[in-house]
Each structure stands twice: as structure tokens, then as C-alpha cells.
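Pasted below: coords-v3.cif, mmCIF, C-alpha atoms.
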data_final
#
loop_
_atom_site.label_atom_id
_atom_site.label_comp_id
_atom_site.auth_asym_id
_atom_site.auth_seq_id
_atom_site.Cartn_x
_atom_site.Cartn_y
_atom_site.Cartn_z
CA MET D 1 -1.40 21.46 3.85
CA SER D 2 0.23 21.96 7.25
CA ALA D 3 -2.88 23.38 8.93
CA SER D 4 -3.64 21.98 12.37
CA ILE D 5 -5.96 18.99 12.59
CA THR D 6 -8.37 18.56 15.49
CA ALA D 7 -10.28 15.34 16.09
CA PRO D 8 -13.80 16.67 16.84
CA ASP D 9 -14.28 18.41 13.51
CA PHE D 10 -11.89 16.37 11.38
CA ASP D 11 -13.32 15.52 7.95
CA PHE D 12 -11.53 12.31 6.89
CA SER D 13 -13.21 12.12 3.48
CA ARG D 14 -12.06 15.63 2.64
CA TYR D 15 -8.58 14.87 3.94
CA VAL D 16 -8.29 11.82 1.68
CA ARG D 17 -9.70 13.67 -1.32
CA ASP D 18 -7.37 16.66 -0.94
CA ARG D 19 -4.18 14.66 -0.34
CA ALA D 20 -5.02 12.13 -3.06
CA ARG D 21 -5.40 14.97 -5.55
CA LEU D 22 -1.92 16.23 -4.67
CA VAL D 23 -0.51 12.71 -5.02
CA ASN D 24 -2.18 12.24 -8.41
CA ASP D 25 -0.89 15.57 -9.65
CA ALA D 26 2.64 14.67 -8.57
CA LEU D 27 2.42 11.18 -10.10
CA ASP D 28 1.42 12.83 -13.36
CA ARG D 29 4.51 15.06 -13.20
CA TYR D 30 6.92 12.29 -12.27
CA THR D 31 5.72 9.69 -14.82
CA PRO D 32 6.67 10.11 -18.50
CA THR D 33 3.70 10.76 -20.79
CA ASP D 34 2.66 8.33 -23.50
CA SER D 35 4.11 10.72 -26.09
CA VAL D 36 7.62 9.88 -24.85
CA HIS D 37 9.42 6.93 -26.46
CA PRO D 38 8.85 4.03 -25.86
CA THR D 39 5.27 5.23 -26.03
CA VAL D 40 3.54 1.89 -25.44
CA LEU D 41 5.56 1.28 -22.27
CA HIS D 42 4.72 4.69 -20.81
CA ALA D 43 1.08 4.25 -21.82
CA ALA D 44 0.98 0.93 -19.95
CA MET D 45 2.64 2.42 -16.87
CA ARG D 46 0.16 5.29 -16.73
CA TYR D 47 -2.80 3.00 -17.46
CA SER D 48 -2.25 1.02 -14.26
CA LEU D 49 -0.97 3.94 -12.20
CA PHE D 50 -4.10 6.02 -12.86
CA ALA D 51 -6.63 3.18 -12.81
CA GLY D 52 -8.42 4.51 -9.73
CA GLY D 53 -6.43 3.29 -6.74
CA LYS D 54 -7.26 4.47 -3.22
CA ARG D 55 -3.67 5.77 -2.70
CA ILE D 56 -3.57 4.27 0.79
CA ARG D 57 0.21 3.91 0.90
CA PRO D 58 1.08 7.47 -0.16
CA LEU D 59 -1.64 8.82 2.12
CA LEU D 60 -0.27 6.85 5.08
CA CYS D 61 3.17 8.28 4.31
CA ILE D 62 1.74 11.79 4.33
CA ALA D 63 -0.35 11.21 7.46
CA SER D 64 2.66 9.80 9.31
CA ALA D 65 4.73 12.87 8.47
CA GLU D 66 1.92 15.24 9.42
CA ALA D 67 1.46 13.47 12.76
CA LEU D 68 4.99 14.64 13.60
CA GLY D 69 4.67 18.17 12.25
CA GLY D 70 5.71 17.56 8.64
CA THR D 71 3.77 18.55 5.54
CA THR D 72 2.50 16.86 2.40
CA GLU D 73 5.10 18.70 0.32
CA ASP D 74 7.90 17.35 2.53
CA VAL D 75 7.18 13.75 1.57
CA LEU D 76 5.37 13.89 -1.79
CA PRO D 77 8.12 12.26 -3.94
CA THR D 78 8.42 9.35 -1.51
CA ALA D 79 4.64 9.04 -1.27
CA CYS D 80 4.50 8.75 -5.06
CA ALA D 81 7.33 6.21 -5.09
CA LEU D 82 5.32 4.01 -2.71
CA GLU D 83 2.37 4.06 -5.11
CA MET D 84 4.64 3.17 -8.02
CA VAL D 85 5.99 0.15 -6.17
CA HIS D 86 2.48 -0.90 -5.18
CA THR D 87 1.24 -0.59 -8.77
CA PHE D 88 4.19 -2.60 -10.06
CA SER D 89 3.24 -5.39 -7.65
CA LEU D 90 -0.39 -5.38 -8.80
CA ILE D 91 0.56 -5.60 -12.48
CA HIS D 92 2.76 -8.61 -11.79
CA ASP D 93 0.27 -10.24 -9.38
CA ASP D 94 -2.40 -10.18 -12.09
CA LEU D 95 -0.22 -12.01 -14.64
CA PRO D 96 -1.27 -15.50 -15.81
CA ALA D 97 1.76 -17.03 -14.08
CA ILE D 98 0.60 -15.74 -10.68
CA ASP D 99 -3.10 -14.87 -10.05
CA ASP D 100 -4.26 -14.86 -13.69
CA ASP D 101 -6.80 -12.04 -13.22
CA ASP D 102 -8.54 -10.31 -16.11
CA TYR D 103 -9.84 -7.26 -14.23
CA ARG D 104 -8.47 -4.84 -11.66
CA ARG D 105 -10.45 -1.85 -10.33
CA GLY D 106 -13.14 -2.52 -12.92
CA LEU D 107 -10.72 -2.26 -15.85
CA LEU D 108 -8.86 -4.84 -17.89
CA THR D 109 -5.60 -5.83 -16.24
CA SER D 110 -2.39 -4.63 -17.85
CA HIS D 111 -1.57 -7.90 -19.59
CA LYS D 112 -5.10 -8.08 -21.04
CA LYS D 113 -4.80 -4.51 -22.32
CA PHE D 114 -1.18 -4.46 -23.54
CA GLY D 115 -0.05 -8.10 -23.63
CA GLU D 116 2.09 -10.00 -21.15
CA ALA D 117 5.47 -8.73 -22.33
CA ILE D 118 4.57 -5.04 -22.01
CA ALA D 119 2.81 -5.66 -18.69
CA ILE D 120 5.94 -7.27 -17.24
CA LEU D 121 8.09 -4.42 -18.50
CA ALA D 122 5.63 -1.77 -17.26
CA GLY D 123 5.88 -3.28 -13.78
CA ASP D 124 9.67 -3.34 -14.00
CA ALA D 125 9.74 0.28 -15.17
CA LEU D 126 7.45 1.48 -12.35
CA HIS D 127 9.67 -0.26 -9.81
CA THR D 128 12.78 1.54 -11.06
CA LEU D 129 10.92 4.83 -11.51
CA ALA D 130 10.03 4.74 -7.82
CA PHE D 131 13.66 4.95 -6.75
CA THR D 132 14.46 7.44 -9.51
CA THR D 133 11.68 9.68 -8.16
CA ILE D 134 13.09 9.66 -4.64
CA ALA D 135 16.66 10.23 -5.83
CA MET D 136 15.71 13.11 -8.13
CA HIS D 137 12.92 14.86 -6.25
CA GLN D 138 13.06 14.06 -2.51
CA GLN D 139 14.97 17.11 -1.33
CA ALA D 140 13.29 18.17 1.91
CA ALA D 141 15.63 16.06 4.05
CA GLN D 142 19.27 15.40 4.80
CA PRO D 143 21.02 13.05 2.34
CA THR D 144 21.47 10.43 5.07
CA VAL D 145 17.72 10.43 5.70
CA ILE D 146 16.96 10.06 2.00
CA ILE D 147 19.36 7.11 1.80
CA GLU D 148 17.57 5.53 4.76
CA VAL D 149 14.20 6.09 3.07
CA ILE D 150 15.50 4.34 -0.08
CA ARG D 151 16.92 1.50 2.02
CA ARG D 152 13.65 0.87 3.84
CA LEU D 153 11.57 0.98 0.67
CA ALA D 154 13.97 -1.42 -1.06
CA LEU D 155 13.88 -3.87 1.85
CA ALA D 156 10.08 -3.67 2.08
CA SER D 157 9.62 -4.40 -1.61
CA GLY D 158 12.31 -7.08 -2.03
CA THR D 159 13.01 -10.65 -1.04
CA LEU D 160 12.66 -9.95 2.70
CA GLY D 161 9.38 -8.09 2.15
CA MET D 162 6.70 -7.96 -0.51
CA VAL D 163 8.32 -10.17 -3.18
CA GLY D 164 9.41 -12.77 -0.65
CA GLY D 165 5.94 -12.83 0.86
CA GLN D 166 4.45 -13.35 -2.58
CA VAL D 167 6.79 -16.31 -3.18
CA ASP D 168 5.67 -17.99 0.05
CA ASP D 169 2.04 -17.18 -0.77
CA ILE D 170 2.40 -19.06 -4.07
CA ALA D 171 4.24 -21.91 -2.38
CA SER D 172 1.44 -22.30 0.19
CA GLU D 173 -1.33 -22.77 -2.38
CA GLY D 174 -3.18 -26.03 -1.78
CA LYS D 175 -1.28 -26.73 1.44
CA ALA D 176 -2.27 -26.71 5.09
CA ILE D 177 -0.16 -24.08 6.83
CA SER D 178 -0.06 -22.79 10.39
CA ALA D 179 -1.39 -19.46 11.60
CA GLU D 180 2.22 -18.40 12.24
CA VAL D 181 3.20 -19.02 8.61
CA LEU D 182 0.07 -17.21 7.38
CA ARG D 183 0.89 -14.17 9.55
CA SER D 184 4.45 -14.18 8.20
CA ILE D 185 3.20 -14.24 4.60
CA HIS D 186 0.77 -11.39 5.23
CA ALA D 187 3.36 -9.34 7.13
CA ARG D 188 5.69 -9.44 4.15
CA LYS D 189 3.33 -9.60 1.17
CA THR D 190 1.12 -6.70 2.31
CA GLY D 191 2.31 -5.35 5.64
CA ALA D 192 5.89 -4.55 4.66
CA LEU D 193 5.02 -1.85 2.13
CA LEU D 194 2.31 -0.34 4.34
CA ASN D 195 4.80 -0.21 7.19
CA ALA D 196 7.42 1.34 4.91
CA ALA D 197 4.94 4.07 4.01
CA ILE D 198 4.51 4.96 7.67
CA GLU D 199 8.21 4.67 8.52
CA THR D 200 9.42 6.77 5.60
CA GLY D 201 6.90 9.51 6.32
CA ALA D 202 8.07 9.59 9.91
CA LEU D 203 11.76 9.63 8.96
CA LEU D 204 11.23 12.56 6.60
CA ALA D 205 9.53 14.43 9.45
CA ASN D 206 12.55 13.86 11.74
CA ALA D 207 10.87 11.29 13.99
CA SER D 208 12.40 10.55 17.37
CA GLU D 209 13.30 6.94 18.14
CA ALA D 210 10.30 6.67 20.48
CA ASP D 211 7.90 8.03 17.87
CA LEU D 212 9.33 5.72 15.22
CA VAL D 213 8.84 2.67 17.47
CA SER D 214 5.21 3.66 18.10
CA LEU D 215 4.57 4.19 14.40
CA GLN D 216 6.20 0.86 13.52
CA ARG D 217 3.79 -0.87 15.92
CA PHE D 218 0.95 1.07 14.33
CA GLY D 219 2.09 0.01 10.86
CA GLU D 220 2.41 -3.66 11.77
CA GLN D 221 -1.15 -3.77 13.05
CA VAL D 222 -2.58 -1.74 10.17
CA GLY D 223 -0.85 -4.06 7.69
CA LEU D 224 -2.29 -7.11 9.43
CA ALA D 225 -5.80 -5.63 9.49
CA PHE D 226 -5.57 -4.65 5.83
CA GLN D 227 -4.66 -8.14 4.62
CA ILE D 228 -7.25 -9.86 6.82
CA VAL D 229 -9.94 -7.58 5.39
CA ASP D 230 -8.66 -8.31 1.86
CA ASP D 231 -9.14 -12.01 2.61
CA ILE D 232 -12.62 -11.36 3.99
CA LEU D 233 -13.74 -9.25 1.02
CA ASP D 234 -12.68 -11.96 -1.40
CA VAL D 235 -15.35 -14.10 0.31
CA THR D 236 -18.08 -11.60 1.14
CA SER D 237 -17.98 -8.96 -1.61
CA ASP D 238 -18.95 -9.07 -5.28
CA ASP D 239 -17.14 -8.42 -8.55
CA ALA D 240 -18.84 -5.06 -9.17
CA THR D 241 -17.91 -3.66 -5.74
CA LEU D 242 -14.31 -4.88 -5.76
CA GLY D 243 -13.71 -4.14 -9.44
CA LYS D 244 -12.12 -7.57 -9.86
CA PRO D 245 -13.30 -11.19 -9.65
CA THR D 246 -14.09 -12.39 -6.14
CA GLY D 247 -13.42 -15.92 -5.02
CA SER D 248 -9.94 -15.97 -6.53
CA ASP D 249 -8.40 -17.02 -3.21
CA GLU D 250 -10.62 -20.11 -3.15
CA LYS D 251 -10.02 -20.75 -6.86
CA ASN D 252 -6.25 -20.69 -6.31
CA ASP D 253 -6.59 -22.56 -2.99
CA LYS D 254 -4.71 -19.83 -1.17
CA ALA D 255 -4.09 -19.73 2.56
CA THR D 256 -6.29 -17.01 4.06
CA TYR D 257 -7.67 -15.99 7.42
CA PRO D 258 -11.24 -17.10 6.63
CA LYS D 259 -9.92 -20.46 5.43
CA LEU D 260 -7.93 -21.04 8.63
CA PHE D 261 -10.18 -19.39 11.21
CA GLY D 262 -13.60 -18.85 9.67
CA LEU D 263 -15.30 -15.61 8.68
CA GLU D 264 -16.53 -14.37 12.06
CA ALA D 265 -13.22 -14.96 13.82
CA SER D 266 -11.39 -13.23 10.96
CA ILE D 267 -13.59 -10.15 11.30
CA GLY D 268 -12.77 -10.11 15.00
CA PHE D 269 -9.03 -10.40 14.32
CA ALA D 270 -9.19 -7.45 11.90
CA ARG D 271 -10.93 -5.26 14.47
CA GLU D 272 -8.46 -6.27 17.17
CA ALA D 273 -5.57 -5.30 14.90
CA SER D 274 -7.22 -1.94 14.14
CA ASP D 275 -7.72 -1.26 17.86
CA ALA D 276 -4.10 -2.23 18.57
CA ALA D 277 -2.89 0.16 15.86
CA ILE D 278 -4.82 3.05 17.41
CA ALA D 279 -3.52 2.12 20.87
CA ALA D 280 0.07 2.25 19.58
CA ILE D 281 -0.26 5.99 18.88
CA ARG D 282 -2.35 6.84 21.93
CA SER D 283 0.26 9.33 23.09
CA PHE D 284 0.18 11.26 19.79
CA GLY D 285 -1.80 14.48 19.57
CA PRO D 286 -4.64 15.65 17.30
CA ALA D 287 -2.32 15.80 14.27
CA ALA D 288 -2.34 11.96 14.27
CA GLU D 289 -6.11 11.83 13.76
CA PRO D 290 -5.75 10.91 10.06
CA LEU D 291 -3.73 7.83 11.07
CA ARG D 292 -6.43 6.79 13.54
CA CYS D 293 -9.06 7.26 10.86
CA PHE D 294 -7.06 5.11 8.46
CA ALA D 295 -6.94 2.31 11.05
CA ARG D 296 -10.74 2.45 11.29
CA PHE D 297 -11.28 2.84 7.55
CA ILE D 298 -9.20 -0.22 6.73
CA VAL D 299 -11.55 -2.55 8.62
CA ASP D 300 -14.76 -0.80 7.53
CA ARG D 301 -13.95 -0.55 3.81
CA GLU D 302 -16.03 -2.39 1.24
CA LYS D 303 -13.35 -2.69 -1.45
#
Render the structure in this file as C-alpha cells.
Amino acid sequence: MSASITAPDFDFSRYVRDRARLVNDALDRYTPTDSVHPTVLHAAMRYSLFAGGKRIRPLLCIASAEALGGTTEDVLPTACALEMVHTFSLIHDDLPAIDDDDYRRGLLTSHKKFGEAIAILAGDALHTLAFTTIAMHQQAAQPTVIIEVIRRLALASGTLGMVGGQVDDIASEGKAISAEVLRSIHARKTGALLNAAIETGALLANASEADLVSLQRFGEQVGLAFQIVDDILDVTSDDATLGKPTGSDEKNDKATYPKLFGLEASIGFAREASDAAIAAIRSFGPAAEPLRCFARFIVDREK
């Protein structure tokens, strides 16, 4: 997986397919099977983990490492940990106390399949399994680097990142908020974990300070574009395409880009963020082509 990548003949679909297969295989190895006690808990964890996600966060981690000369194998445990944290957040977001969604990726949500108690515990278990996976399996780096990877993932997923952003998202429901507050919510609720994926991949590939700064700028803009597009799709897409009910943002009276700025302006903001992400890594060579493709894919996706 460390073969050179050249932009003119780069096949992004094949890249995603090949790396996603490696991630799925590793997730299968790292996650206890449903024959291991407590069986219902492990069944619930695997149900959501293998429910058909796009694996964007682990793939961004891999692409970031490869942009700096690393390989998929170098970062695979951390890439899987990112997906575990992301899946934990989805299970909890879907709960009746938060978004109260019945479907995710075309399947029943965890609490509809296993009940609320097991869904909560499955999310908790995936969160802890993420850090266990890094501690036990992430060996292709110095211990100080692995500690820094754990630190950044913890910060991104905690009160200063994803969880804190979710709290402010809930608190903003039904209220008029400023564009600055909306950007702050999005940066933490969605952007923090996407940025952590890019940063950890870079760290595990021995990034220089200059490269890390460029990739952080890339990650900030990709995270912004991703959440804006999520807001847009909740308005423009349909249940069958998204695999979950659309219109939930309006139902819950959430603060979104289309609500504050309108649909056309929001589309423009997403494209501007994508362009800014690509500009941030302009100095990187052909090996960064997967990252550039991800920046384009995020604004062109349909689900």
C-alpha cells in the first residue's frame, strides 16, 4: 500500500475501496465477536460498526500518513480507533434523548434494534475500545508519538471537541444564534474528529512542524465543508439516499447553515472551504492526491 500515487492516473474510487477493505478487516480483528461474553453488547457494537459507513475518518488518517511517505499499515490501529469513536457518537446521537432517530444508513438505529440501555453501553464500549486499540496495536511509532496520538484523539472527542460541540448544538435548538457560534459548534461537533484523523496520520508519519500546520489548515476546512454539506443534504436529499430520515434538523429546530444563510449561499460556503483545504496543501506532492480528492468528494457527495 505504499506504492507511489500520481495525480493524472489516480483512481480515487479504487483507492477508497482498497483502503476501506483493509480498515474493515482490521476492525473485525480488533472488535470482539458476538460469541464473546457479554454477547449482546458485542453484537450491538459490531452491528453499528459494520452498518455500512464510508470510513471517511480512517481513510483521511491513512491518506494524511501516505502524503508524508507513510503507509496504511503504519496507521491502521489509529485509523480503526477513529472509526470506533465516530460510531460511538452516532449511536448516542440517535438516542431518543438527543436526535431520536429510528434509522441510520438504512438500518434500524442501535436503540431500536437492541434497546436504549444496550445502545448506550455499546457506545461507551466502542469509545473505550478505541483507546485500547491504539494502546495495544499501534506499534509503528515511538511511544511519545503514540501518547500524543492518544492525547489528540481524546481532546477531539471530549468536552473541548465533539461532545462539547454536541452539547452546544442541543442548547442552540430553537434559538437564534450568530454565524460565529454556528461555526464554533460545527468545528467541535464534526470538525474536531476529522481534524484529529488528519493530525494523527501525519504524526505517525513523522510530520515536520510545517507539514503539520498545513495539514491542520486542510483539516479545519475539510471539517467545515463536511458539516455544511451535512446541513444541506438534510434539506435537499431524501430518506432512501441518506439511509435516515431527512428534515430532522428542521424538526428539531437546529441551527444550520441553510437556516442562517440560505441554501445557495451554503453551497457556496462549502465549495469555498473545499478550495481552501486544497490550497492549504498546495506545496505537497502527488502522494497528497487522495487528500485533494477527499476535499472534492466531501462537497460533491450525495449522502
Straight-line distance linking atom CA of D:Leu204 with atom CA of D:Ala63, stated in Å to one decimal: 11.7 Å
Picked residues, the PyMOL selection byres ((chain D and resi 43-58) around 9), expected as a PyMOL selection string: chain D and resi 16+19-20+23-24+27-28+31-35+38-42+59-63+75-76+78-84+86-88+90-91+104-107+109-110+113-114+118-119+121-123+125-126+193-198+201+294
Prev. selection, C-alpha atoms, output as an mmCIF file, in the frame of the given file:
data_model
loop_
_atom_site.group_PDB
_atom_site.id
_atom_site.type_symbol
_atom_site.label_atom_id
_atom_site.label_comp_id
_atom_site.auth_asym_id
_atom_site.auth_seq_id
_atom_site.Cartn_x
_atom_site.Cartn_y
_atom_site.Cartn_z
ATOM 1 C CA VAL D 16 -8.290 11.820 1.680
ATOM 2 C CA ARG D 19 -4.180 14.660 -0.340
ATOM 3 C CA ALA D 20 -5.020 12.130 -3.060
ATOM 4 C CA VAL D 23 -0.510 12.710 -5.020
ATOM 5 C CA ASN D 24 -2.180 12.240 -8.410
ATOM 6 C CA LEU D 27 2.420 11.180 -10.100
ATOM 7 C CA ASP D 28 1.420 12.830 -13.360
ATOM 8 C CA THR D 31 5.720 9.690 -14.820
ATOM 9 C CA PRO D 32 6.670 10.110 -18.500
ATOM 10 C CA THR D 33 3.700 10.760 -20.790
ATOM 11 C CA ASP D 34 2.660 8.330 -23.500
ATOM 12 C CA SER D 35 4.110 10.720 -26.090
ATOM 13 C CA PRO D 38 8.850 4.030 -25.860
ATOM 14 C CA THR D 39 5.270 5.230 -26.030
ATOM 15 C CA VAL D 40 3.540 1.890 -25.440
ATOM 16 C CA LEU D 41 5.560 1.280 -22.270
ATOM 17 C CA HIS D 42 4.720 4.690 -20.810
ATOM 18 C CA LEU D 59 -1.640 8.820 2.120
ATOM 19 C CA LEU D 60 -0.270 6.850 5.080
ATOM 20 C CA CYS D 61 3.170 8.280 4.310
ATOM 21 C CA ILE D 62 1.740 11.790 4.330
ATOM 22 C CA ALA D 63 -0.350 11.210 7.460
ATOM 23 C CA VAL D 75 7.180 13.750 1.570
ATOM 24 C CA LEU D 76 5.370 13.890 -1.790
ATOM 25 C CA THR D 78 8.420 9.350 -1.510
ATOM 26 C CA ALA D 79 4.640 9.040 -1.270
ATOM 27 C CA CYS D 80 4.500 8.750 -5.060
ATOM 28 C CA ALA D 81 7.330 6.210 -5.090
ATOM 29 C CA LEU D 82 5.320 4.010 -2.710
ATOM 30 C CA GLU D 83 2.370 4.060 -5.110
ATOM 31 C CA MET D 84 4.640 3.170 -8.020
ATOM 32 C CA HIS D 86 2.480 -0.900 -5.180
ATOM 33 C CA THR D 87 1.240 -0.590 -8.770
ATOM 34 C CA PHE D 88 4.190 -2.600 -10.060
ATOM 35 C CA LEU D 90 -0.390 -5.380 -8.800
ATOM 36 C CA ILE D 91 0.560 -5.600 -12.480
ATOM 37 C CA ARG D 104 -8.470 -4.840 -11.660
ATOM 38 C CA ARG D 105 -10.450 -1.850 -10.330
ATOM 39 C CA GLY D 106 -13.140 -2.520 -12.920
ATOM 40 C CA LEU D 107 -10.720 -2.260 -15.850
ATOM 41 C CA THR D 109 -5.600 -5.830 -16.240
ATOM 42 C CA SER D 110 -2.390 -4.630 -17.850
ATOM 43 C CA LYS D 113 -4.800 -4.510 -22.320
ATOM 44 C CA PHE D 114 -1.180 -4.460 -23.540
ATOM 45 C CA ILE D 118 4.570 -5.040 -22.010
ATOM 46 C CA ALA D 119 2.810 -5.660 -18.690
ATOM 47 C CA LEU D 121 8.090 -4.420 -18.500
ATOM 48 C CA ALA D 122 5.630 -1.770 -17.260
ATOM 49 C CA GLY D 123 5.880 -3.280 -13.780
ATOM 50 C CA ALA D 125 9.740 0.280 -15.170
ATOM 51 C CA LEU D 126 7.450 1.480 -12.350
ATOM 52 C CA LEU D 193 5.020 -1.850 2.130
ATOM 53 C CA LEU D 194 2.310 -0.340 4.340
ATOM 54 C CA ASN D 195 4.800 -0.210 7.190
ATOM 55 C CA ALA D 196 7.420 1.340 4.910
ATOM 56 C CA ALA D 197 4.940 4.070 4.010
ATOM 57 C CA ILE D 198 4.510 4.960 7.670
ATOM 58 C CA GLY D 201 6.900 9.510 6.320
ATOM 59 C CA PHE D 294 -7.060 5.110 8.460
#
Residue IDs satisfying the PyMOL selection byres ((chain D and resi 259-267) around 10), as a list in words: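 Written out, the selection comes to Ala176, Ile177, Ser178, Ala179, Leu182, Ala225, Ile228, Val229, Asp231, Ile232, Val235, Thr236, Asp249, Glu250, Asp253, Lys254, Ala255, Thr256, Tyr257, Pro258, Gly268, Phe269, Ala270, Arg271, Glu272 and Val299 of chain D.
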Atomic separation - atom CA of D:Leu153 relative to atom CA of D:Asp168, Å: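 Atom CA of D:Asp168 sits 19.9 Å away from atom CA of D:Leu153.
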Best match for closeness to D:Ala117 among D:Phe226, D:Val145, D:Val213, D:His92, counting only C-alpha atoms: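 Nearest to D:Ala117: D:His92.
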Once 8 Å is added on each side, what centre and edge lengths in Å to one decimal does the axis-aligned box around all listed atoms of stretch 107-117 of chain D have, as AutoDock Vina command-line options?
--center_x -2.6 --center_y -6.1 --center_z -19.7 --size_x 32.2 --size_y 23.7 --size_z 23.8
Interatomic distance (Å, one decimal) between atom CA of D:Leu129 and atom CA of D:Val167: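 Separation of atom CA of D:Leu129 and atom CA of D:Val167: 23.1 Å.
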Residues within 12 Å of D:Ala97, all atoms listed in the file, excluding chain neighbours under 3 positions, as a ChimeraX atom specification: /D:91-94,100-101,111,116,120,170,252
Please write the residues from the selection above to a file, keeping C-alpha atoms, as an mmCIF file, keeping the file's coordinate frame.
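Wrote result.cif, looks like this:
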data_model
loop_
_atom_site.group_PDB
_atom_site.id
_atom_site.type_symbol
_atom_site.label_atom_id
_atom_site.label_comp_id
_atom_site.auth_asym_id
_atom_site.auth_seq_id
_atom_site.Cartn_x
_atom_site.Cartn_y
_atom_site.Cartn_z
ATOM 1 C CA ILE D 91 0.560 -5.600 -12.480
ATOM 2 C CA HIS D 92 2.760 -8.610 -11.790
ATOM 3 C CA ASP D 93 0.270 -10.240 -9.380
ATOM 4 C CA ASP D 94 -2.400 -10.180 -12.090
ATOM 5 C CA ASP D 100 -4.260 -14.860 -13.690
ATOM 6 C CA ASP D 101 -6.800 -12.040 -13.220
ATOM 7 C CA HIS D 111 -1.570 -7.900 -19.590
ATOM 8 C CA GLU D 116 2.090 -10.000 -21.150
ATOM 9 C CA ILE D 120 5.940 -7.270 -17.240
ATOM 10 C CA ILE D 170 2.400 -19.060 -4.070
ATOM 11 C CA ASN D 252 -6.250 -20.690 -6.310
#
Matched chain/residue IDs from the PyMOL selection byres ((chain D and resi 71) around 9), as a PyMOL selection string: chain D and resi 1-3+62-63+65-66+69-70+72-76+205
Nearest candidate to D:His137 (options D:Arg17, D:Arg29, D:His37, D:Arg282; using only C-alpha atoms): D:Arg29
Distance criterion (only C-alpha atoms): nearest to D:Arg183 out of D:Leu203, D:Ala154, D:Leu224, D:Ala276: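 So, comparing all the options, the nearest one is D:Leu224.
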Among listed residues D:Gly223, D:Tyr30, D:Ser208, D:Ser64, nearest D:Gln138 (using all atoms listed in the file):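 Residue with the minimum atom-to-atom distance to D:Gln138: D:Tyr30.
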